[in-house]
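Raw contents of query.cif, mmCIF, N, CA and C atoms:
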data_entry
loop_
_atom_site.label_atom_id
_atom_site.label_comp_id
_atom_site.auth_asym_id
_atom_site.auth_seq_id
_atom_site.Cartn_x
_atom_site.Cartn_y
_atom_site.Cartn_z
N MET A 1 93.00 77.50 122.59
CA MET A 1 92.38 78.66 122.00
C MET A 1 92.35 78.47 120.49
N PRO A 2 91.21 78.70 119.84
CA PRO A 2 91.14 78.53 118.38
C PRO A 2 91.99 79.56 117.66
N ALA A 3 92.47 79.15 116.49
CA ALA A 3 93.34 80.03 115.71
C ALA A 3 92.61 81.28 115.25
N ALA A 4 91.31 81.20 115.05
CA ALA A 4 90.55 82.37 114.60
C ALA A 4 90.54 83.47 115.67
N ALA A 5 90.65 83.07 116.93
CA ALA A 5 90.65 84.06 118.01
C ALA A 5 91.97 84.82 118.06
N LEU A 6 93.04 84.27 117.47
CA LEU A 6 94.34 84.92 117.50
C LEU A 6 94.55 85.90 116.35
N LYS A 7 93.63 85.92 115.37
CA LYS A 7 93.79 86.80 114.22
C LYS A 7 93.64 88.26 114.65
N PRO A 8 94.55 89.12 114.20
CA PRO A 8 94.40 90.54 114.55
C PRO A 8 93.23 91.16 113.80
N LYS A 9 92.67 92.20 114.38
CA LYS A 9 91.57 92.89 113.74
C LYS A 9 92.08 93.63 112.51
N PRO A 10 91.30 93.61 111.43
CA PRO A 10 91.75 94.33 110.23
C PRO A 10 91.72 95.84 110.46
N THR A 11 92.71 96.52 109.91
CA THR A 11 92.77 97.97 110.01
C THR A 11 92.59 98.56 108.63
N GLN A 12 92.28 99.83 108.58
CA GLN A 12 92.10 100.48 107.28
C GLN A 12 93.44 100.64 106.61
N SER A 13 93.53 100.18 105.40
CA SER A 13 94.78 100.24 104.65
C SER A 13 94.92 101.59 103.98
N THR A 14 96.17 102.05 103.89
CA THR A 14 96.41 103.31 103.19
C THR A 14 96.47 103.11 101.68
N SER A 15 96.46 101.85 101.21
CA SER A 15 96.55 101.61 99.77
C SER A 15 95.26 101.99 99.06
N LYS A 16 94.15 102.10 99.78
CA LYS A 16 92.88 102.44 99.16
C LYS A 16 92.73 103.95 98.97
N ARG A 17 93.55 104.72 99.63
CA ARG A 17 93.49 106.18 99.49
C ARG A 17 94.90 106.72 99.39
N ALA A 18 95.04 107.80 98.67
CA ALA A 18 96.36 108.40 98.47
C ALA A 18 96.81 109.10 99.75
N VAL A 19 98.07 108.97 100.05
CA VAL A 19 98.66 109.62 101.21
C VAL A 19 99.43 110.84 100.71
N LEU A 20 99.19 111.97 101.32
CA LEU A 20 99.88 113.18 100.91
C LEU A 20 101.36 113.09 101.27
N LEU A 21 102.17 113.63 100.41
CA LEU A 21 103.61 113.64 100.62
C LEU A 21 103.96 114.65 101.70
N ASP A 22 104.77 114.25 102.65
CA ASP A 22 105.20 115.18 103.70
C ASP A 22 106.11 116.22 103.09
N LEU A 23 105.73 117.46 103.18
CA LEU A 23 106.56 118.55 102.67
C LEU A 23 107.01 119.39 103.85
N PRO A 24 108.08 120.06 103.88
CA PRO A 24 109.05 120.10 102.79
C PRO A 24 109.94 118.87 102.77
N TYR A 25 110.30 118.47 101.58
CA TYR A 25 111.15 117.31 101.38
C TYR A 25 112.59 117.71 101.65
N GLU A 26 113.26 116.98 102.51
CA GLU A 26 114.66 117.26 102.82
C GLU A 26 115.52 116.09 102.36
N PRO A 27 116.36 116.30 101.36
CA PRO A 27 117.23 115.20 100.92
C PRO A 27 118.27 114.88 101.97
N VAL A 28 118.77 113.66 101.92
CA VAL A 28 119.80 113.26 102.87
C VAL A 28 121.09 114.01 102.57
N GLU A 29 121.96 114.07 103.55
CA GLU A 29 123.23 114.77 103.39
C GLU A 29 124.08 114.05 102.34
N LYS A 30 124.58 114.82 101.40
CA LYS A 30 125.37 114.23 100.32
C LYS A 30 126.80 113.97 100.77
N ARG A 31 127.33 112.86 100.30
CA ARG A 31 128.73 112.51 100.57
C ARG A 31 129.47 112.52 99.25
N PRO A 32 130.76 112.81 99.25
CA PRO A 32 131.50 112.80 97.99
C PRO A 32 131.61 111.38 97.43
N LEU A 33 131.54 111.30 96.10
CA LEU A 33 131.67 110.00 95.44
C LEU A 33 133.15 109.62 95.36
N PRO A 34 133.42 108.32 95.29
CA PRO A 34 134.82 107.88 95.23
C PRO A 34 135.50 108.35 93.95
N PRO A 35 136.72 108.84 94.04
CA PRO A 35 137.41 109.32 92.84
C PRO A 35 137.99 108.16 92.03
N GLY A 36 138.29 108.44 90.77
CA GLY A 36 139.00 107.48 89.94
C GLY A 36 138.14 106.54 89.13
N ARG A 37 136.82 106.70 89.15
CA ARG A 37 135.95 105.83 88.36
C ARG A 37 135.72 106.45 86.99
N PRO A 38 135.32 105.64 86.01
CA PRO A 38 135.00 106.20 84.70
C PRO A 38 133.75 107.09 84.78
N ARG A 39 133.63 108.05 83.88
CA ARG A 39 132.51 108.98 83.89
C ARG A 39 131.16 108.27 83.81
N ASP A 40 131.08 107.22 83.02
CA ASP A 40 129.81 106.48 82.90
C ASP A 40 129.34 105.93 84.24
N TRP A 41 130.27 105.55 85.10
CA TRP A 41 129.90 105.04 86.41
C TRP A 41 129.18 106.11 87.22
N TYR A 42 129.67 107.34 87.20
CA TYR A 42 129.05 108.44 87.94
C TYR A 42 127.68 108.78 87.38
N VAL A 43 127.56 108.77 86.06
CA VAL A 43 126.27 109.07 85.43
C VAL A 43 125.24 108.02 85.82
N THR A 44 125.60 106.76 85.74
CA THR A 44 124.69 105.67 86.10
C THR A 44 124.35 105.71 87.58
N HIS A 45 125.34 105.97 88.41
CA HIS A 45 125.12 106.02 89.86
C HIS A 45 124.12 107.11 90.20
N ASN A 46 124.32 108.31 89.66
CA ASN A 46 123.42 109.42 89.95
C ASN A 46 122.02 109.17 89.39
N ARG A 47 121.93 108.51 88.23
CA ARG A 47 120.63 108.19 87.66
C ARG A 47 119.89 107.20 88.55
N ARG A 48 120.61 106.23 89.09
CA ARG A 48 119.96 105.25 89.99
C ARG A 48 119.47 105.92 91.27
N LEU A 49 120.28 106.83 91.82
CA LEU A 49 119.85 107.55 93.02
C LEU A 49 118.59 108.37 92.75
N LYS A 50 118.56 109.05 91.62
CA LYS A 50 117.40 109.86 91.25
C LYS A 50 116.17 108.97 91.07
N ALA A 51 116.34 107.83 90.41
CA ALA A 51 115.23 106.91 90.21
C ALA A 51 114.71 106.39 91.55
N MET A 52 115.61 106.11 92.48
CA MET A 52 115.19 105.65 93.80
C MET A 52 114.40 106.72 94.54
N ARG A 53 114.89 107.96 94.50
CA ARG A 53 114.18 109.06 95.16
C ARG A 53 112.78 109.22 94.57
N LEU A 54 112.70 109.16 93.26
CA LEU A 54 111.40 109.32 92.61
C LEU A 54 110.46 108.15 92.92
N ALA A 55 110.98 106.94 92.94
CA ALA A 55 110.16 105.77 93.26
C ALA A 55 109.61 105.88 94.68
N ILE A 56 110.42 106.32 95.62
CA ILE A 56 109.97 106.48 97.00
C ILE A 56 108.89 107.56 97.08
N ALA A 57 109.10 108.67 96.38
CA ALA A 57 108.11 109.75 96.38
C ALA A 57 106.80 109.28 95.76
N LEU A 58 106.88 108.48 94.68
CA LEU A 58 105.66 107.96 94.06
C LEU A 58 104.93 107.02 95.01
N LEU A 59 105.67 106.17 95.71
CA LEU A 59 105.03 105.27 96.67
C LEU A 59 104.36 106.07 97.78
N ASP A 60 104.98 107.16 98.21
CA ASP A 60 104.39 108.01 99.24
C ASP A 60 103.10 108.68 98.77
N THR A 61 102.98 108.93 97.48
CA THR A 61 101.78 109.58 96.96
C THR A 61 100.70 108.59 96.52
N GLY A 62 100.96 107.30 96.64
CA GLY A 62 99.92 106.31 96.34
C GLY A 62 100.06 105.63 95.00
N VAL A 63 101.17 105.80 94.31
CA VAL A 63 101.40 105.12 93.03
C VAL A 63 102.21 103.87 93.35
N TYR A 64 101.56 102.70 93.25
CA TYR A 64 102.20 101.45 93.64
C TYR A 64 102.50 100.52 92.47
N VAL A 65 101.88 100.76 91.33
CA VAL A 65 101.99 99.85 90.19
C VAL A 65 102.67 100.59 89.03
N PRO A 66 103.55 99.94 88.31
CA PRO A 66 104.27 100.62 87.22
C PRO A 66 103.38 101.24 86.15
N ASN A 67 102.24 100.62 85.86
CA ASN A 67 101.39 101.19 84.81
C ASN A 67 100.67 102.46 85.27
N GLN A 68 100.70 102.76 86.57
CA GLN A 68 100.18 104.04 87.06
C GLN A 68 101.21 105.15 86.91
N ALA A 69 102.46 104.78 86.75
CA ALA A 69 103.56 105.75 86.71
C ALA A 69 103.94 106.07 85.27
N ARG A 70 103.14 106.91 84.64
CA ARG A 70 103.49 107.37 83.30
C ARG A 70 104.58 108.42 83.42
N ASN A 71 105.23 108.75 82.31
CA ASN A 71 106.31 109.74 82.34
C ASN A 71 105.83 111.07 82.91
N GLU A 72 104.61 111.49 82.57
CA GLU A 72 104.08 112.76 83.08
C GLU A 72 103.93 112.73 84.59
N THR A 73 103.48 111.59 85.13
CA THR A 73 103.32 111.45 86.58
C THR A 73 104.67 111.51 87.27
N ILE A 74 105.65 110.83 86.72
CA ILE A 74 106.98 110.82 87.31
C ILE A 74 107.59 112.22 87.26
N ARG A 75 107.42 112.91 86.15
CA ARG A 75 108.00 114.26 86.02
C ARG A 75 107.30 115.26 86.93
N SER A 76 105.99 115.12 87.12
CA SER A 76 105.31 116.03 88.04
C SER A 76 105.72 115.76 89.48
N THR A 77 105.98 114.51 89.82
CA THR A 77 106.49 114.17 91.15
C THR A 77 107.88 114.73 91.35
N ALA A 78 108.70 114.69 90.30
CA ALA A 78 110.05 115.27 90.38
C ALA A 78 109.97 116.77 90.66
N GLU A 79 109.04 117.43 90.01
CA GLU A 79 108.87 118.87 90.24
C GLU A 79 108.40 119.12 91.67
N LEU A 80 107.53 118.24 92.18
CA LEU A 80 107.00 118.38 93.53
C LEU A 80 108.10 118.28 94.59
N ILE A 81 109.05 117.36 94.39
CA ILE A 81 110.10 117.18 95.40
C ILE A 81 111.35 117.99 95.09
N GLY A 82 111.33 118.75 94.00
CA GLY A 82 112.45 119.64 93.71
C GLY A 82 113.62 118.99 93.02
N VAL A 83 113.36 118.04 92.14
CA VAL A 83 114.39 117.35 91.39
C VAL A 83 114.23 117.74 89.93
N HIS A 84 115.33 117.85 89.20
CA HIS A 84 115.26 118.17 87.77
C HIS A 84 114.41 117.11 87.06
N PRO A 85 113.68 117.49 86.02
CA PRO A 85 112.85 116.51 85.30
C PRO A 85 113.69 115.34 84.78
N PRO A 86 113.24 114.12 85.02
CA PRO A 86 114.02 112.95 84.61
C PRO A 86 113.89 112.68 83.11
N SER A 87 114.89 112.01 82.58
CA SER A 87 114.87 111.60 81.18
C SER A 87 113.96 110.38 81.03
N ASP A 88 113.74 109.98 79.78
CA ASP A 88 112.93 108.78 79.52
C ASP A 88 113.59 107.54 80.12
N THR A 89 114.92 107.50 80.09
CA THR A 89 115.66 106.36 80.67
C THR A 89 115.44 106.29 82.18
N THR A 90 115.49 107.43 82.85
CA THR A 90 115.28 107.45 84.30
C THR A 90 113.84 107.07 84.62
N CYS A 91 112.87 107.52 83.83
CA CYS A 91 111.48 107.14 84.05
C CYS A 91 111.31 105.63 83.91
N HIS A 92 112.01 105.05 82.95
CA HIS A 92 111.97 103.60 82.77
C HIS A 92 112.55 102.89 84.01
N MET A 93 113.62 103.43 84.57
CA MET A 93 114.23 102.85 85.78
C MET A 93 113.27 102.95 86.97
N VAL A 94 112.54 104.05 87.07
CA VAL A 94 111.57 104.22 88.16
C VAL A 94 110.50 103.14 88.07
N ARG A 95 109.98 102.91 86.87
CA ARG A 95 108.96 101.87 86.71
C ARG A 95 109.54 100.49 87.02
N ALA A 96 110.79 100.26 86.67
CA ALA A 96 111.43 98.97 86.99
C ALA A 96 111.55 98.81 88.50
N LEU A 97 111.89 99.87 89.21
CA LEU A 97 111.97 99.78 90.67
C LEU A 97 110.60 99.50 91.29
N LEU A 98 109.56 100.12 90.76
CA LEU A 98 108.21 99.85 91.26
C LEU A 98 107.80 98.40 90.98
N ARG A 99 108.21 97.89 89.83
CA ARG A 99 107.85 96.52 89.44
C ARG A 99 108.50 95.50 90.37
N TYR A 100 109.77 95.71 90.70
CA TYR A 100 110.50 94.71 91.47
C TYR A 100 110.41 94.91 92.97
N SER A 101 109.69 95.94 93.42
CA SER A 101 109.55 96.13 94.87
C SER A 101 108.40 95.29 95.43
N ARG A 102 107.68 94.61 94.56
CA ARG A 102 106.51 93.84 94.99
C ARG A 102 106.90 92.48 95.48
#
Final structure tokens representation of the file:
Amino acid sequence: MPAAALKPKPTQSTSKRAVLLDLPYEPVEKRPLPPGRPRDWYVTHNRRLKAMRLAIALLDTGVYVPNQARNETIRSTAELIGVHPPSDTTCHMVRALLRYSR
């Protein structure tokens, strides 16, 4: 059988059109953080979690490239999913996550 006959039929990609975010957004159940760490560790940990949540929400809404994710876009997505507006540092982390997920 020729190899061309084994190729699957192309399907319509969702990357060409934006996918609406499933609402209502339900965050995962929170667990207590380990005690005894320095305060900076907790701040960084929570910032990374927030950046991850925002990156996932942006991917769900059709933002796949870091240059599409301006601070205003990230902050409006945060408002959409019910997260406090992120700082400039967190917005930078979101773009870094989008960059390295490729």
Out of A:Ala51, A:Ala57, A:Gly82, A:Pro34, which residue has the shortest atom-to-atom distance to Val94 of chain A when counting only C-alpha atoms? A:Ala51
Do a neighbour search on segment 67-75 of chain A at 8 Å with all atoms listed in the file, toss out local chain neighbours closer than 3 positions, and write the hits as a list of chain:residue names.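 Those residues are A:Leu54, A:Ala55, A:Leu58, A:Val63, A:Tyr64, A:Ala78, A:Glu79, A:Leu80, A:Ile81, A:Val83, A:His84, A:Pro85, A:Pro86, A:Ser87, A:Asp88, A:Cys91, A:His92, A:Val94, A:Arg95, A:Leu98, A:Arg99.
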Could you please take those selected residues and save N, CA and C atoms as an mmCIF file, in the frame of the given file?
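Dumped everything to result.cif:
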data_model
loop_
_atom_site.group_PDB
_atom_site.id
_atom_site.type_symbol
_atom_site.label_atom_id
_atom_site.label_comp_id
_atom_site.auth_asym_id
_atom_site.auth_seq_id
_atom_site.Cartn_x
_atom_site.Cartn_y
_atom_site.Cartn_z
ATOM 1 N N LEU A 54 112.700 109.160 93.260
ATOM 2 C CA LEU A 54 111.400 109.320 92.610
ATOM 3 C C LEU A 54 110.460 108.150 92.920
ATOM 4 N N ALA A 55 110.980 106.940 92.940
ATOM 5 C CA ALA A 55 110.160 105.770 93.260
ATOM 6 C C ALA A 55 109.610 105.880 94.680
ATOM 7 N N LEU A 58 106.880 108.480 94.680
ATOM 8 C CA LEU A 58 105.660 107.960 94.060
ATOM 9 C C LEU A 58 104.930 107.020 95.010
ATOM 10 N N VAL A 63 101.170 105.800 94.310
ATOM 11 C CA VAL A 63 101.400 105.120 93.030
ATOM 12 C C VAL A 63 102.210 103.870 93.350
ATOM 13 N N TYR A 64 101.560 102.700 93.250
ATOM 14 C CA TYR A 64 102.200 101.450 93.640
ATOM 15 C C TYR A 64 102.500 100.520 92.470
ATOM 16 N N ALA A 78 108.700 114.690 90.300
ATOM 17 C CA ALA A 78 110.050 115.270 90.380
ATOM 18 C C ALA A 78 109.970 116.770 90.660
ATOM 19 N N GLU A 79 109.040 117.430 90.010
ATOM 20 C CA GLU A 79 108.870 118.870 90.240
ATOM 21 C C GLU A 79 108.400 119.120 91.670
ATOM 22 N N LEU A 80 107.530 118.240 92.180
ATOM 23 C CA LEU A 80 107.000 118.380 93.530
ATOM 24 C C LEU A 80 108.100 118.280 94.590
ATOM 25 N N ILE A 81 109.050 117.360 94.390
ATOM 26 C CA ILE A 81 110.100 117.180 95.400
ATOM 27 C C ILE A 81 111.350 117.990 95.090
ATOM 28 N N VAL A 83 113.360 118.040 92.140
ATOM 29 C CA VAL A 83 114.390 117.350 91.390
ATOM 30 C C VAL A 83 114.230 117.740 89.930
ATOM 31 N N HIS A 84 115.330 117.850 89.200
ATOM 32 C CA HIS A 84 115.260 118.170 87.770
ATOM 33 C C HIS A 84 114.410 117.110 87.060
ATOM 34 N N PRO A 85 113.680 117.490 86.020
ATOM 35 C CA PRO A 85 112.850 116.510 85.300
ATOM 36 C C PRO A 85 113.690 115.340 84.780
ATOM 37 N N PRO A 86 113.240 114.120 85.020
ATOM 38 C CA PRO A 86 114.020 112.950 84.610
ATOM 39 C C PRO A 86 113.890 112.680 83.110
ATOM 40 N N SER A 87 114.890 112.010 82.580
ATOM 41 C CA SER A 87 114.870 111.600 81.180
ATOM 42 C C SER A 87 113.960 110.380 81.030
ATOM 43 N N ASP A 88 113.740 109.980 79.780
ATOM 44 C CA ASP A 88 112.930 108.780 79.520
ATOM 45 C C ASP A 88 113.590 107.540 80.120
ATOM 46 N N CYS A 91 112.870 107.520 83.830
ATOM 47 C CA CYS A 91 111.480 107.140 84.050
ATOM 48 C C CYS A 91 111.310 105.630 83.910
ATOM 49 N N HIS A 92 112.010 105.050 82.950
ATOM 50 C CA HIS A 92 111.970 103.600 82.770
ATOM 51 C C HIS A 92 112.550 102.890 84.010
ATOM 52 N N VAL A 94 112.540 104.050 87.070
ATOM 53 C CA VAL A 94 111.570 104.220 88.160
ATOM 54 C C VAL A 94 110.500 103.140 88.070
ATOM 55 N N ARG A 95 109.980 102.910 86.870
ATOM 56 C CA ARG A 95 108.960 101.870 86.710
ATOM 57 C C ARG A 95 109.540 100.490 87.020
ATOM 58 N N LEU A 98 109.560 100.120 90.760
ATOM 59 C CA LEU A 98 108.210 99.850 91.260
ATOM 60 C C LEU A 98 107.800 98.400 90.980
ATOM 61 N N ARG A 99 108.210 97.890 89.830
ATOM 62 C CA ARG A 99 107.850 96.520 89.440
ATOM 63 C C ARG A 99 108.500 95.500 90.370
#
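Coordinates place atom CA of Thr77 of chain A at a distance of 15.0 Å from atom CA of Val65 of chain A.
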Quick one: what's the axis-aligned box for segment 65-81 of chain A, all listed atoms, 3 Å on every side, centre and edges in Å to one decimal, as AutoDock Vina command-line options?
--center_x 105.8 --center_y 109.5 --center_z 88.9 --size_x 17.2 --size_y 25.3 --size_z 19.1
Pairwise distance, atom CA of Met93 of chain A with atom CA of Val43 of chain A, equals 13.6 Å
Could you state the separation of atom N of Ala96 of chain A and atom CA of Pro66 of chain A in Å, given to one decimal place?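 Here the two named atoms are 6.6 Å from each other.
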Within 12 Å of Leu33 of chain A, counting only C-alpha atoms, which residues qualify if same-chain residues fewer than 6 places away don't, as a PyMOL selection string? chain A and resi 39+41-43+45-46
Selected residues written out with N, CA and C atoms, as a PDB file, in the coordinates of the input:
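Writing the result to part18.pdb gives the following:
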ATOM      1  N   ARG A  39     133.630 108.050  83.880  1.00  0.00           N
ATOM      2  CA  ARG A  39     132.510 108.980  83.890  1.00  0.00           C
ATOM      3  C   ARG A  39     131.160 108.270  83.810  1.00  0.00           C
ATOM      4  N   TRP A  41     130.270 105.550  85.100  1.00  0.00           N
ATOM      5  CA  TRP A  41     129.900 105.040  86.410  1.00  0.00           C
ATOM      6  C   TRP A  41     129.180 106.110  87.220  1.00  0.00           C
ATOM      7  N   TYR A  42     129.670 107.340  87.200  1.00  0.00           N
ATOM      8  CA  TYR A  42     129.050 108.440  87.940  1.00  0.00           C
ATOM      9  C   TYR A  42     127.680 108.780  87.380  1.00  0.00           C
ATOM     10  N   VAL A  43     127.560 108.770  86.060  1.00  0.00           N
ATOM     11  CA  VAL A  43     126.270 109.070  85.430  1.00  0.00           C
ATOM     12  C   VAL A  43     125.240 108.020  85.820  1.00  0.00           C
ATOM     13  N   HIS A  45     125.340 105.970  88.410  1.00  0.00           N
ATOM     14  CA  HIS A  45     125.120 106.020  89.860  1.00  0.00           C
ATOM     15  C   HIS A  45     124.120 107.110  90.200  1.00  0.00           C
ATOM     16  N   ASN A  46     124.320 108.310  89.660  1.00  0.00           N
ATOM     17  CA  ASN A  46     123.420 109.420  89.950  1.00  0.00           C
ATOM     18  C   ASN A  46     122.020 109.170  89.390  1.00  0.00           C
TER      19      ASN A  46
END
